[in-house]
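Structure file my_file39.pdb with PDB, C-alpha atoms:
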```
ATOM      1  CA  MET A   1     -17.682  46.226 -21.364  1.00  0.00           C
ATOM      2  CA  GLY A   2     -18.861  43.320 -19.244  1.00  0.00           C
ATOM      3  CA  LEU A   3     -16.374  42.075 -16.726  1.00  0.00           C
ATOM      4  CA  ASP A   4     -13.916  44.899 -17.406  1.00  0.00           C
ATOM      5  CA  GLN A   5     -16.600  47.326 -16.328  1.00  0.00           C
ATOM      6  CA  ALA A   6     -17.219  45.343 -13.119  1.00  0.00           C
ATOM      7  CA  LEU A   7     -13.461  45.429 -12.424  1.00  0.00           C
ATOM      8  CA  ASN A   8     -13.308  49.196 -13.082  1.00  0.00           C
ATOM      9  CA  ILE A   9     -16.195  49.827 -10.689  1.00  0.00           C
ATOM     10  CA  SER A  10     -14.509  47.816  -7.926  1.00  0.00           C
ATOM     11  CA  VAL A  11     -11.196  49.609  -8.506  1.00  0.00           C
ATOM     12  CA  SER A  12     -12.897  53.025  -8.357  1.00  0.00           C
ATOM     13  CA  ALA A  13     -14.436  52.062  -4.999  1.00  0.00           C
ATOM     14  CA  ILE A  14     -11.095  50.798  -3.664  1.00  0.00           C
ATOM     15  CA  ASN A  15      -9.559  54.152  -4.665  1.00  0.00           C
ATOM     16  CA  ALA A  16     -12.392  56.139  -3.057  1.00  0.00           C
ATOM     17  CA  ASN A  17     -12.021  54.165   0.173  1.00  0.00           C
ATOM     18  CA  ARG A  18      -8.262  54.719   0.205  1.00  0.00           C
ATOM     19  CA  THR A  19      -8.825  58.483  -0.184  1.00  0.00           C
ATOM     20  CA  HIS A  20     -11.323  58.349   2.690  1.00  0.00           C
ATOM     21  CA  MET A  21      -8.713  56.501   4.786  1.00  0.00           C
ATOM     22  CA  GLU A  22      -6.157  59.235   4.017  1.00  0.00           C
ATOM     23  CA  ILE A  23      -8.659  61.849   5.184  1.00  0.00           C
ATOM     24  CA  ILE A  24      -9.287  59.925   8.418  1.00  0.00           C
ATOM     25  CA  SER A  25      -5.506  59.683   8.977  1.00  0.00           C
ATOM     26  CA  SER A  26      -5.192  63.429   8.430  1.00  0.00           C
ATOM     27  CA  ASN A  27      -8.039  64.130  10.875  1.00  0.00           C
ATOM     28  CA  LEU A  28      -6.530  61.879  13.549  1.00  0.00           C
ATOM     29  CA  ALA A  29      -3.011  63.242  13.031  1.00  0.00           C
ATOM     30  CA  ASN A  30      -4.272  66.804  13.467  1.00  0.00           C
ATOM     31  CA  ILE A  31      -6.490  66.121  16.466  1.00  0.00           C
ATOM     32  CA  ASN A  32      -4.530  68.688  18.563  1.00  0.00           C
ATOM     33  CA  THR A  33      -3.304  71.077  15.825  1.00  0.00           C
ATOM     34  CA  THR A  34      -4.035  74.696  16.732  1.00  0.00           C
ATOM     35  CA  ARG A  35      -2.089  76.358  13.917  1.00  0.00           C
ATOM     36  CA  THR A  36      -2.724  75.738  10.202  1.00  0.00           C
ATOM     37  CA  VAL A  37      -1.651  77.437   6.976  1.00  0.00           C
ATOM     38  CA  GLN A  38      -5.105  79.041   6.660  1.00  0.00           C
ATOM     39  CA  GLY A  39      -4.787  80.260  10.273  1.00  0.00           C
ATOM     40  CA  GLY A  40      -6.698  78.982  13.311  1.00  0.00           C
ATOM     41  CA  PRO A  41      -7.141  75.390  14.425  1.00  0.00           C
ATOM     42  CA  TYR A  42      -7.444  72.436  12.056  1.00  0.00           C
ATOM     43  CA  ARG A  43     -10.928  71.749  10.703  1.00  0.00           C
ATOM     44  CA  ARG A  44     -12.139  68.168  10.294  1.00  0.00           C
ATOM     45  CA  LYS A  45     -12.215  67.124   6.623  1.00  0.00           C
ATOM     46  CA  ILE A  46     -15.109  65.162   5.099  1.00  0.00           C
ATOM     47  CA  PRO A  47     -15.067  63.413   1.689  1.00  0.00           C
ATOM     48  CA  VAL A  48     -18.045  63.867  -0.635  1.00  0.00           C
ATOM     49  CA  PHE A  49     -18.772  60.794  -2.734  1.00  0.00           C
ATOM     50  CA  ASN A  50     -20.577  60.835  -6.018  1.00  0.00           C
ATOM     51  CA  GLU A  51     -21.248  58.413  -8.818  1.00  0.00           C
ATOM     52  CA  LYS A  52     -18.557  58.560 -11.455  1.00  0.00           C
ATOM     53  CA  PRO A  53     -20.008  59.211 -14.923  1.00  0.00           C
ATOM     54  CA  LEU A  54     -19.234  56.692 -17.642  1.00  0.00           C
ATOM     55  CA  GLU A  55     -16.430  57.511 -20.028  1.00  0.00           C
ATOM     56  CA  PHE A  56     -17.668  58.476 -23.485  1.00  0.00           C
ATOM     57  CA  SER A  57     -16.586  55.242 -25.194  1.00  0.00           C
ATOM     58  CA  GLU A  58     -18.116  53.142 -22.406  1.00  0.00           C
ATOM     59  CA  ALA A  59     -21.393  55.080 -22.530  1.00  0.00           C
ATOM     60  CA  LEU A  60     -21.692  54.375 -26.257  1.00  0.00           C
ATOM     61  CA  SER A  61     -21.238  50.648 -25.898  1.00  0.00           C
ATOM     62  CA  SER A  62     -23.008  50.209 -22.569  1.00  0.00           C
ATOM     63  CA  ALA A  63     -26.248  48.271 -22.766  1.00  0.00           C
ATOM     64  CA  GLU A  64     -26.517  47.989 -18.999  1.00  0.00           C
ATOM     65  CA  GLY A  65     -28.903  50.912 -18.506  1.00  0.00           C
ATOM     66  CA  LYS A  66     -28.406  52.772 -15.254  1.00  0.00           C
ATOM     67  CA  LEU A  67     -24.895  51.487 -14.614  1.00  0.00           C
ATOM     68  CA  SER A  68     -22.285  54.203 -13.977  1.00  0.00           C
ATOM     69  CA  GLY A  69     -18.504  54.198 -13.859  1.00  0.00           C
ATOM     70  CA  GLY A  70     -18.419  53.467 -10.113  1.00  0.00           C
ATOM     71  CA  ILE A  71     -17.737  55.983  -7.359  1.00  0.00           C
ATOM     72  CA  GLU A  72     -15.300  58.833  -6.793  1.00  0.00           C
ATOM     73  CA  VAL A  73     -14.444  61.406  -4.122  1.00  0.00           C
ATOM     74  CA  SER A  74     -15.620  64.552  -5.896  1.00  0.00           C
ATOM     75  CA  GLU A  75     -14.438  67.009  -3.239  1.00  0.00           C
ATOM     76  CA  ILE A  76     -13.117  67.227   0.295  1.00  0.00           C
ATOM     77  CA  VAL A  77     -15.015  69.735   2.443  1.00  0.00           C
ATOM     78  CA  ASP A  78     -14.473  71.212   5.906  1.00  0.00           C
ATOM     79  CA  ASP A  79     -16.735  70.126   8.745  1.00  0.00           C
ATOM     80  CA  PRO A  80     -18.514  73.369   9.805  1.00  0.00           C
ATOM     81  CA  THR A  81     -19.228  72.275  13.421  1.00  0.00           C
ATOM     82  CA  PRO A  82     -17.693  74.635  16.067  1.00  0.00           C
ATOM     83  CA  PHE A  83     -14.266  74.038  17.608  1.00  0.00           C
ATOM     84  CA  GLN A  84     -13.911  72.520  21.064  1.00  0.00           C
ATOM     85  CA  LYS A  85     -12.982  75.111  23.702  1.00  0.00           C
ATOM     86  CA  VAL A  86     -10.604  73.943  26.427  1.00  0.00           C
ATOM     87  CA  PHE A  87      -9.523  76.084  29.374  1.00  0.00           C
ATOM     88  CA  ASN A  88      -5.719  76.243  29.217  1.00  0.00           C
ATOM     89  CA  PRO A  89      -4.457  79.778  29.988  1.00  0.00           C
ATOM     90  CA  GLY A  90      -0.793  78.812  29.656  1.00  0.00           C
ATOM     91  CA  HIS A  91      -1.195  77.819  25.965  1.00  0.00           C
ATOM     92  CA  PRO A  92       0.287  80.330  23.462  1.00  0.00           C
ATOM     93  CA  ASP A  93      -2.935  80.175  21.374  1.00  0.00           C
ATOM     94  CA  ALA A  94      -5.291  80.819  24.323  1.00  0.00           C
ATOM     95  CA  ASP A  95      -7.707  83.750  23.919  1.00  0.00           C
ATOM     96  CA  SER A  96      -8.066  86.588  26.463  1.00  0.00           C
ATOM     97  CA  ASP A  97     -10.313  84.414  28.699  1.00  0.00           C
ATOM     98  CA  GLY A  98      -7.757  81.601  28.705  1.00  0.00           C
ATOM     99  CA  PHE A  99      -9.658  79.276  26.353  1.00  0.00           C
ATOM    100  CA  VAL A 100      -7.903  77.381  23.540  1.00  0.00           C
ATOM    101  CA  SER A 101      -9.869  76.374  20.413  1.00  0.00           C
ATOM    102  CA  LEU A 102      -9.039  72.766  19.548  1.00  0.00           C
ATOM    103  CA  PRO A 103      -9.957  71.066  16.234  1.00  0.00           C
ATOM    104  CA  ASN A 104     -13.524  69.754  15.826  1.00  0.00           C
ATOM    105  CA  VAL A 105     -12.161  66.214  15.394  1.00  0.00           C
ATOM    106  CA  SER A 106     -13.755  63.520  17.534  1.00  0.00           C
ATOM    107  CA  MET A 107     -11.574  60.475  18.107  1.00  0.00           C
ATOM    108  CA  ALA A 108     -14.570  58.128  18.491  1.00  0.00           C
ATOM    109  CA  LYS A 109     -16.202  59.379  15.277  1.00  0.00           C
ATOM    110  CA  GLU A 110     -12.996  58.875  13.275  1.00  0.00           C
ATOM    111  CA  MET A 111     -12.540  55.369  14.700  1.00  0.00           C
ATOM    112  CA  VAL A 112     -16.101  54.410  13.706  1.00  0.00           C
ATOM    113  CA  ASP A 113     -15.538  55.847  10.198  1.00  0.00           C
ATOM    114  CA  MET A 114     -12.336  53.834   9.989  1.00  0.00           C
ATOM    115  CA  VAL A 115     -14.228  50.573  10.677  1.00  0.00           C
ATOM    116  CA  TYR A 116     -16.723  51.418   7.910  1.00  0.00           C
ATOM    117  CA  VAL A 117     -13.959  52.219   5.446  1.00  0.00           C
ATOM    118  CA  THR A 118     -11.963  49.080   6.273  1.00  0.00           C
ATOM    119  CA  LYS A 119     -15.029  46.870   5.800  1.00  0.00           C
ATOM    120  CA  ALA A 120     -16.030  48.596   2.547  1.00  0.00           C
ATOM    121  CA  TYR A 121     -12.447  48.214   1.261  1.00  0.00           C
ATOM    122  CA  GLU A 122     -12.494  44.487   2.066  1.00  0.00           C
ATOM    123  CA  ALA A 123     -15.892  44.039   0.411  1.00  0.00           C
ATOM    124  CA  ASN A 124     -14.644  45.676  -2.781  1.00  0.00           C
ATOM    125  CA  ILE A 125     -11.470  43.561  -2.822  1.00  0.00           C
ATOM    126  CA  THR A 126     -13.702  40.462  -2.545  1.00  0.00           C
ATOM    127  CA  ALA A 127     -15.866  41.700  -5.420  1.00  0.00           C
ATOM    128  CA  TYR A 128     -12.735  42.372  -7.481  1.00  0.00           C
ATOM    129  CA  ASN A 129     -11.381  38.863  -6.819  1.00  0.00           C
ATOM    130  CA  ALA A 130     -14.722  37.234  -7.666  1.00  0.00           C
ATOM    131  CA  THR A 131     -14.824  39.094 -10.991  1.00  0.00           C
ATOM    132  CA  LYS A 132     -11.198  38.219 -11.685  1.00  0.00           C
ATOM    133  CA  LYS A 133     -11.984  34.539 -11.073  1.00  0.00           C
ATOM    134  CA  MET A 134     -14.914  34.757 -13.510  1.00  0.00           C
ATOM    135  CA  GLU A 135     -12.682  36.313 -16.146  1.00  0.00           C
ATOM    136  CA  GLN A 136     -10.035  33.613 -15.701  1.00  0.00           C
ATOM    137  CA  GLU A 137     -12.668  30.887 -15.988  1.00  0.00           C
ATOM    138  CA  THR A 138     -14.046  32.470 -19.155  1.00  0.00           C
ATOM    139  CA  LEU A 139     -10.582  32.182 -20.680  1.00  0.00           C
ATOM    140  CA  GLN A 140     -10.602  28.452 -19.966  1.00  0.00           C
ATOM    141  CA  ILE A 141     -13.476  27.704 -22.349  1.00  0.00           C
ATOM    142  CA  GLN A 142     -11.988  25.551 -25.069  1.00  0.00           C
TER     143      GLN A 142
ATOM    144  CA  MET B   1     -15.936  51.470 -29.299  1.00  0.00           C
ATOM    145  CA  MET B   2     -19.313  51.515 -30.993  1.00  0.00           C
ATOM    146  CA  ALA B   3     -22.296  49.513 -29.818  1.00  0.00           C
ATOM    147  CA  GLU B   4     -22.129  46.112 -31.417  1.00  0.00           C
ATOM    148  CA  VAL B   5     -25.154  44.649 -33.129  1.00  0.00           C
ATOM    149  CA  VAL B   6     -25.053  40.911 -32.516  1.00  0.00           C
ATOM    150  CA  GLU B   7     -27.070  38.760 -34.864  1.00  0.00           C
ATOM    151  CA  PRO B   8     -29.015  36.085 -32.985  1.00  0.00           C
ATOM    152  CA  ILE B   9     -27.525  32.665 -33.677  1.00  0.00           C
ATOM    153  CA  MET B  10     -30.052  30.135 -34.916  1.00  0.00           C
ATOM    154  CA  PRO B  11     -29.754  26.647 -33.465  1.00  0.00           C
ATOM    155  CA  ASN B  12     -28.435  24.083 -35.942  1.00  0.00           C
ATOM    156  CA  GLU B  13     -27.122  20.506 -35.853  1.00  0.00           C
ATOM    157  CA  MET B  14     -23.853  21.475 -34.248  1.00  0.00           C
ATOM    158  CA  TYR B  15     -24.918  24.311 -31.951  1.00  0.00           C
ATOM    159  CA  ASP B  16     -28.210  23.356 -30.329  1.00  0.00           C
ATOM    160  CA  SER B  17     -30.465  25.627 -28.251  1.00  0.00           C
ATOM    161  CA  THR B  18     -28.713  24.585 -25.002  1.00  0.00           C
ATOM    162  CA  PHE B  19     -25.518  25.965 -26.434  1.00  0.00           C
ATOM    163  CA  ILE B  20     -27.093  29.318 -27.233  1.00  0.00           C
ATOM    164  CA  ARG B  21     -28.878  29.516 -23.888  1.00  0.00           C
ATOM    165  CA  LEU B  22     -25.598  28.880 -22.086  1.00  0.00           C
ATOM    166  CA  GLN B  23     -23.941  31.706 -23.987  1.00  0.00           C
ATOM    167  CA  GLU B  24     -26.804  34.039 -23.062  1.00  0.00           C
ATOM    168  CA  SER B  25     -26.594  32.982 -19.403  1.00  0.00           C
ATOM    169  CA  ILE B  26     -22.853  33.696 -19.310  1.00  0.00           C
ATOM    170  CA  ASP B  27     -23.517  37.109 -20.852  1.00  0.00           C
ATOM    171  CA  LYS B  28     -26.213  37.884 -18.271  1.00  0.00           C
ATOM    172  CA  ALA B  29     -24.027  36.754 -15.354  1.00  0.00           C
ATOM    173  CA  THR B  30     -21.277  39.040 -16.680  1.00  0.00           C
ATOM    174  CA  LYS B  31     -23.598  42.043 -16.766  1.00  0.00           C
ATOM    175  CA  LYS B  32     -25.074  41.220 -13.367  1.00  0.00           C
ATOM    176  CA  GLN B  33     -21.563  41.145 -11.891  1.00  0.00           C
ATOM    177  CA  ALA B  34     -21.065  44.806 -12.866  1.00  0.00           C
ATOM    178  CA  VAL B  35     -24.351  45.774 -11.191  1.00  0.00           C
ATOM    179  CA  ILE B  36     -23.408  43.974  -7.945  1.00  0.00           C
ATOM    180  CA  ALA B  37     -19.935  45.552  -8.071  1.00  0.00           C
ATOM    181  CA  GLN B  38     -21.557  48.970  -8.381  1.00  0.00           C
ATOM    182  CA  ASN B  39     -23.831  48.365  -5.374  1.00  0.00           C
ATOM    183  CA  ILE B  40     -20.873  47.217  -3.258  1.00  0.00           C
ATOM    184  CA  ALA B  41     -18.812  50.201  -4.461  1.00  0.00           C
ATOM    185  CA  ASN B  42     -21.479  52.592  -3.162  1.00  0.00           C
ATOM    186  CA  ILE B  43     -21.970  50.879   0.197  1.00  0.00           C
ATOM    187  CA  ASN B  44     -20.974  54.041   2.148  1.00  0.00           C
ATOM    188  CA  ASN B  45     -22.521  56.532  -0.284  1.00  0.00           C
ATOM    189  CA  PRO B  46     -25.696  57.874   1.399  1.00  0.00           C
ATOM    190  CA  ASN B  47     -27.186  59.375  -1.796  1.00  0.00           C
ATOM    191  CA  TYR B  48     -26.879  56.210  -3.857  1.00  0.00           C
ATOM    192  CA  GLU B  49     -29.968  54.418  -5.151  1.00  0.00           C
ATOM    193  CA  ALA B  50     -29.434  50.672  -5.349  1.00  0.00           C
ATOM    194  CA  LEU B  51     -29.637  48.924  -8.718  1.00  0.00           C
ATOM    195  CA  GLU B  52     -30.595  45.443  -9.724  1.00  0.00           C
ATOM    196  CA  PHE B  53     -30.122  43.543 -12.938  1.00  0.00           C
ATOM    197  CA  ASP B  54     -33.361  42.959 -14.799  1.00  0.00           C
ATOM    198  CA  GLU B  55     -32.995  39.614 -16.610  1.00  0.00           C
ATOM    199  CA  ALA B  56     -35.923  40.267 -18.961  1.00  0.00           C
ATOM    200  CA  LEU B  57     -34.874  43.780 -19.979  1.00  0.00           C
ATOM    201  CA  ASP B  58     -31.188  42.748 -19.994  1.00  0.00           C
ATOM    202  CA  LYS B  59     -30.082  45.949 -18.244  1.00  0.00           C
ATOM    203  CA  ALA B  60     -29.656  47.547 -14.826  1.00  0.00           C
ATOM    204  CA  VAL B  61     -32.748  49.158 -13.267  1.00  0.00           C
ATOM    205  CA  LYS B  62     -33.326  51.076 -10.015  1.00  0.00           C
ATOM    206  CA  ARG B  63     -34.363  48.840  -7.139  1.00  0.00           C
ATOM    207  CA  SER B  64     -37.572  49.514  -5.230  1.00  0.00           C
ATOM    208  CA  ASP B  65     -36.059  49.290  -1.705  1.00  0.00           C
ATOM    209  CA  LYS B  66     -33.080  51.585  -2.655  1.00  0.00           C
ATOM    210  CA  LYS B  67     -31.061  50.477   0.382  1.00  0.00           C
ATOM    211  CA  ILE B  68     -27.981  48.273   0.202  1.00  0.00           C
ATOM    212  CA  VAL B  69     -27.295  45.522   2.729  1.00  0.00           C
ATOM    213  CA  LEU B  70     -23.662  44.471   2.407  1.00  0.00           C
ATOM    214  CA  GLU B  71     -24.335  40.836   3.395  1.00  0.00           C
ATOM    215  CA  GLU B  72     -27.018  40.477   0.713  1.00  0.00           C
ATOM    216  CA  GLU B  73     -24.745  41.966  -1.933  1.00  0.00           C
ATOM    217  CA  MET B  74     -21.883  39.654  -0.973  1.00  0.00           C
ATOM    218  CA  ALA B  75     -24.262  36.674  -1.120  1.00  0.00           C
ATOM    219  CA  ALA B  76     -25.476  37.790  -4.559  1.00  0.00           C
ATOM    220  CA  LEU B  77     -21.845  38.196  -5.617  1.00  0.00           C
ATOM    221  CA  SER B  78     -20.838  34.642  -4.710  1.00  0.00           C
ATOM    222  CA  GLN B  79     -24.088  33.222  -6.087  1.00  0.00           C
ATOM    223  CA  ASN B  80     -23.493  34.957  -9.415  1.00  0.00           C
ATOM    224  CA  SER B  81     -19.874  33.837  -9.432  1.00  0.00           C
ATOM    225  CA  ILE B  82     -20.838  30.193  -8.837  1.00  0.00           C
ATOM    226  CA  LYS B  83     -23.563  30.332 -11.506  1.00  0.00           C
ATOM    227  CA  HIS B  84     -21.100  31.790 -13.989  1.00  0.00           C
ATOM    228  CA  SER B  85     -18.617  29.047 -13.117  1.00  0.00           C
ATOM    229  CA  ALA B  86     -21.276  26.370 -13.668  1.00  0.00           C
ATOM    230  CA  TYR B  87     -22.275  27.836 -17.057  1.00  0.00           C
ATOM    231  CA  ILE B  88     -18.640  27.914 -18.142  1.00  0.00           C
ATOM    232  CA  LYS B  89     -18.136  24.252 -17.156  1.00  0.00           C
ATOM    233  CA  LEU B  90     -21.317  23.197 -18.966  1.00  0.00           C
ATOM    234  CA  LEU B  91     -20.329  25.146 -22.073  1.00  0.00           C
ATOM    235  CA  ALA B  92     -16.859  23.610 -21.977  1.00  0.00           C
ATOM    236  CA  SER B  93     -18.351  20.111 -21.793  1.00  0.00           C
ATOM    237  CA  LYS B  94     -20.717  20.902 -24.686  1.00  0.00           C
ATOM    238  CA  ILE B  95     -17.717  22.026 -26.713  1.00  0.00           C
ATOM    239  CA  GLY B  96     -15.941  18.839 -25.632  1.00  0.00           C
ATOM    240  CA  ILE B  97     -18.797  16.755 -27.067  1.00  0.00           C
ATOM    241  CA  ILE B  98     -18.635  18.587 -30.404  1.00  0.00           C
ATOM    242  CA  HIS B  99     -14.872  18.144 -30.397  1.00  0.00           C
ATOM    243  CA  THR B 100     -15.262  14.394 -29.876  1.00  0.00           C
ATOM    244  CA  VAL B 101     -17.835  14.167 -32.683  1.00  0.00           C
ATOM    245  CA  ILE B 102     -15.712  16.036 -35.196  1.00  0.00           C
ATOM    246  CA  THR B 103     -12.426  14.272 -34.426  1.00  0.00           C
ATOM    247  CA  GLN B 104     -13.474  10.616 -33.915  1.00  0.00           C
ATOM    248  CA  GLY B 105     -14.594  10.060 -37.520  1.00  0.00           C
ATOM    249  CA  ARG B 106     -11.188   8.932 -38.774  1.00  0.00           C
ATOM    250  CA  LYS B 107     -11.085   5.908 -36.406  1.00  0.00           C
TER     251      LYS B 107
END
```
Please go through the file and, once you have read it, give me the structure as structure tokens.
Amino acid sequence: MGLDQALNISVSAINANRTHMEIISSNLANINTTRTVQGGPYRRKIPVFNEKPLEFSEALSSAEGKLSGGIEVSEIVDDPTPFQKVFNPGHPDADSDGFVSLPNVSMAKEMVDMVYVTKAYEANITAYNATKKMEQETLQIQ
Amino acid sequence: MMAEVVEPIMPNEMYDSTFIRLQESIDKATKKQAVIAQNIANINNPNYEALEFDEALDKAVKRSDKKIVLEEEMAALSQNSIKHSAYIKLLASKIGIIHTVITQGRK
């Protein structure tokens, strides 16, 4: 209820942004990986965000209408765009024409995503701190 | 936790209408904070429809423009925070007045 709900929403967003950051790290780390457990080159991972439903007890007591429980990463999907082909006949994973399939990870794209995630993370920390300050002030009524 | 039914408090000699209005304002600022937090939480979610807090209905409703601008949300956040802070200070001073009235009689 009330401020607790605001805090929970901010925390859920901080968590979602951290997961997104982990995915970006994974994409950047595997920018040249040509062998994966599933076979073939690494595929870029994308997080899918969706609104977190309210917990049952919260939904019963919530008078705030359309408010949900914040945000969550519901699944992590593979980017279906084709792999980059680079001519490198000496590479052990080159095909018969001498082309190597490299992951469909674009350095620039990941860097731009990283800026978005960092800013969103900061914004949610600010929201969390503002709510925390409100809660502390409420306790000072006497 | 079940939904609480709160009886409206009638103003009396000790708790005047200012007192009750301050309590309501604090309650509204608290609810609005959750709505702003939700908008900021979904800043990178492309399918999210922005919400706003309807003061008259006392609940969150879908916003007509549906798009979130981070700067506007942050401004709303600090505005709401400052308002809440002001209401708390006013309420505390109202309580202080009552405290003075009920304790100074023995002098």
Would you tabulate, counting all atoms listed in the file, all residues of chain A that have an atom at most 9 Å from an atom of chain B, showing the closest pair of atoms and their distance in Å to one decimal, sorted by chain then ascending number, as JSON lines?
```
{"residue": "A:Met1", "atom": "CA", "partner": "B:Lys31", "partner_atom": "CA", "distance": 8.6}
{"residue": "A:Gly2", "atom": "CA", "partner": "B:Lys31", "partner_atom": "CA", "distance": 5.5}
{"residue": "A:Leu3", "atom": "CA", "partner": "B:Thr30", "partner_atom": "CA", "distance": 5.8}
{"residue": "A:Asp4", "atom": "CA", "partner": "B:Ala34", "partner_atom": "CA", "distance": 8.5}
{"residue": "A:Gln5", "atom": "CA", "partner": "B:Ala34", "partner_atom": "CA", "distance": 6.2}
{"residue": "A:Ala6", "atom": "CA", "partner": "B:Ala34", "partner_atom": "CA", "distance": 3.9}
{"residue": "A:Leu7", "atom": "CA", "partner": "B:Ala34", "partner_atom": "CA", "distance": 7.6}
{"residue": "A:Asn8", "atom": "CA", "partner": "B:Ala34", "partner_atom": "CA", "distance": 8.9}
{"residue": "A:Ile9", "atom": "CA", "partner": "B:Gln38", "partner_atom": "CA", "distance": 5.9}
{"residue": "A:Ser10", "atom": "CA", "partner": "B:Ala37", "partner_atom": "CA", "distance": 5.9}
{"residue": "A:Val11", "atom": "CA", "partner": "B:Ala41", "partner_atom": "CA", "distance": 8.6}
{"residue": "A:Ser12", "atom": "CA", "partner": "B:Ala41", "partner_atom": "CA", "distance": 7.6}
{"residue": "A:Ala13", "atom": "CA", "partner": "B:Ala41", "partner_atom": "CA", "distance": 4.8}
{"residue": "A:Ile14", "atom": "CA", "partner": "B:Ala41", "partner_atom": "CA", "distance": 7.8}
{"residue": "A:Ala16", "atom": "CA", "partner": "B:Ala41", "partner_atom": "CA", "distance": 8.9}
{"residue": "A:Val48", "atom": "CA", "partner": "B:Asn45", "partner_atom": "CA", "distance": 8.6}
{"residue": "A:Phe49", "atom": "CA", "partner": "B:Asn45", "partner_atom": "CA", "distance": 6.2}
{"residue": "A:Asn50", "atom": "CA", "partner": "B:Asn45", "partner_atom": "CA", "distance": 7.4}
{"residue": "A:Glu51", "atom": "CA", "partner": "B:Tyr48", "partner_atom": "CA", "distance": 7.8}
{"residue": "A:Ser57", "atom": "CA", "partner": "B:Met1", "partner_atom": "CA", "distance": 5.6}
{"residue": "A:Glu58", "atom": "CA", "partner": "B:Met1", "partner_atom": "CA", "distance": 7.4}
{"residue": "A:Leu60", "atom": "CA", "partner": "B:Met2", "partner_atom": "CA", "distance": 6.0}
{"residue": "A:Ser61", "atom": "CA", "partner": "B:Ala3", "partner_atom": "CA", "distance": 4.2}
{"residue": "A:Ser62", "atom": "CA", "partner": "B:Ala3", "partner_atom": "CA", "distance": 7.3}
{"residue": "A:Ala63", "atom": "CA", "partner": "B:Lys59", "partner_atom": "CA", "distance": 6.4}
{"residue": "A:Glu64", "atom": "CA", "partner": "B:Lys59", "partner_atom": "CA", "distance": 4.2}
{"residue": "A:Gly65", "atom": "CA", "partner": "B:Ala60", "partner_atom": "CA", "distance": 5.0}
{"residue": "A:Lys66", "atom": "CA", "partner": "B:Ala60", "partner_atom": "CA", "distance": 5.4}
{"residue": "A:Leu67", "atom": "CA", "partner": "B:Ala60", "partner_atom": "CA", "distance": 6.2}
{"residue": "A:Ser68", "atom": "CA", "partner": "B:Gln38", "partner_atom": "CA", "distance": 7.7}
{"residue": "A:Gly69", "atom": "CA", "partner": "B:Gln38", "partner_atom": "CA", "distance": 8.2}
{"residue": "A:Gly70", "atom": "CA", "partner": "B:Gln38", "partner_atom": "CA", "distance": 5.8}
{"residue": "A:Ile71", "atom": "CA", "partner": "B:Ala41", "partner_atom": "CA", "distance": 6.6}
{"residue": "A:Tyr116", "atom": "CA", "partner": "B:Asn44", "partner_atom": "CA", "distance": 7.6}
{"residue": "A:Val117", "atom": "CA", "partner": "B:Asn44", "partner_atom": "CA", "distance": 8.0}
{"residue": "A:Ala120", "atom": "CA", "partner": "B:Ile43", "partner_atom": "CA", "distance": 6.8}
{"residue": "A:Tyr121", "atom": "CA", "partner": "B:Ala41", "partner_atom": "CA", "distance": 8.8}
{"residue": "A:Ala123", "atom": "CA", "partner": "B:Ile40", "partner_atom": "CA", "distance": 7.0}
{"residue": "A:Asn124", "atom": "CA", "partner": "B:Ala41", "partner_atom": "CA", "distance": 6.4}
{"residue": "A:Thr126", "atom": "CA", "partner": "B:Met74", "partner_atom": "CA", "distance": 8.4}
{"residue": "A:Ala127", "atom": "CA", "partner": "B:Ala37", "partner_atom": "CA", "distance": 6.2}
{"residue": "A:Tyr128", "atom": "CA", "partner": "B:Ala37", "partner_atom": "CA", "distance": 7.9}
{"residue": "A:Ala130", "atom": "CA", "partner": "B:Ser81", "partner_atom": "CA", "distance": 6.4}
{"residue": "A:Thr131", "atom": "CA", "partner": "B:Gln33", "partner_atom": "CA", "distance": 7.1}
{"residue": "A:Lys133", "atom": "CA", "partner": "B:Ser81", "partner_atom": "CA", "distance": 8.1}
{"residue": "A:Met134", "atom": "CA", "partner": "B:Ser81", "partner_atom": "CA", "distance": 6.5}
{"residue": "A:Glu137", "atom": "CA", "partner": "B:Ser85", "partner_atom": "CA", "distance": 6.9}
{"residue": "A:Thr138", "atom": "CA", "partner": "B:Ile88", "partner_atom": "CA", "distance": 6.5}
{"residue": "A:Gln140", "atom": "CA", "partner": "B:Ala92", "partner_atom": "CA", "distance": 8.2}
{"residue": "A:Ile141", "atom": "CA", "partner": "B:Ala92", "partner_atom": "CA", "distance": 5.3}
{"residue": "A:Gln142", "atom": "CA", "partner": "B:Ala92", "partner_atom": "CA", "distance": 6.1}
```
* To do: Please evaluate the PyMOL selection byres ((chain A and resi 27) around 9) against the displayed coordinates and give the resulting residues as a PyMOL selection string.
  => chain A and resi 22-26+28-31+42-45+103+105-107+110
* Give me the residues within 9 Å of region 9-18 of chain B as a PyMOL selection string, counting only C-alpha atoms and dropping any in the same chain fewer than 3 places off. => chain B and resi 6+21-23+91+94+98
* At what distance in Å, to one decimal, does CA of Lys109 (chain A) lie from CA of Asp65 (chain B)? ->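 Result for CA of Asp65 (chain B) versus CA of Lys109 (chain A): 28.0 Å, one decimal.
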* To do: Work out how far CA of Asn15 (chain A) is from CA of Glu72 (chain A), in Å to one decimal.
  =>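 Rounded to one decimal, the two atoms are 7.7 Å apart.
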* Atomic distance CA of Ile97 (chain B) - CA of Phe19 (chain B), expressed in Å with one decimal ->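 Atom-to-atom, CA of Ile97 (chain B) to CA of Phe19 (chain B), that is 11.4 Å.
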Work out where the centre of an axis-aligned box around every listed atom of region 23-37 of chain B lies and how long its edges are once 6 Å is added on each side; give both in Å to one decimal as JSON.
```
{"center_x": -23.4, "center_y": 38.7, "center_z": -16.0, "size_x": 18.9, "size_y": 26.1, "size_z": 28.0}
```
* To do: Within 8 Å of Glu49 (chain B), counting only C-alpha atoms, which residues show up once you throw out same-chain ones fewer than 6 positions away? Write them as a ChimeraX atom specification, please.
  => /B:62-63,66-67
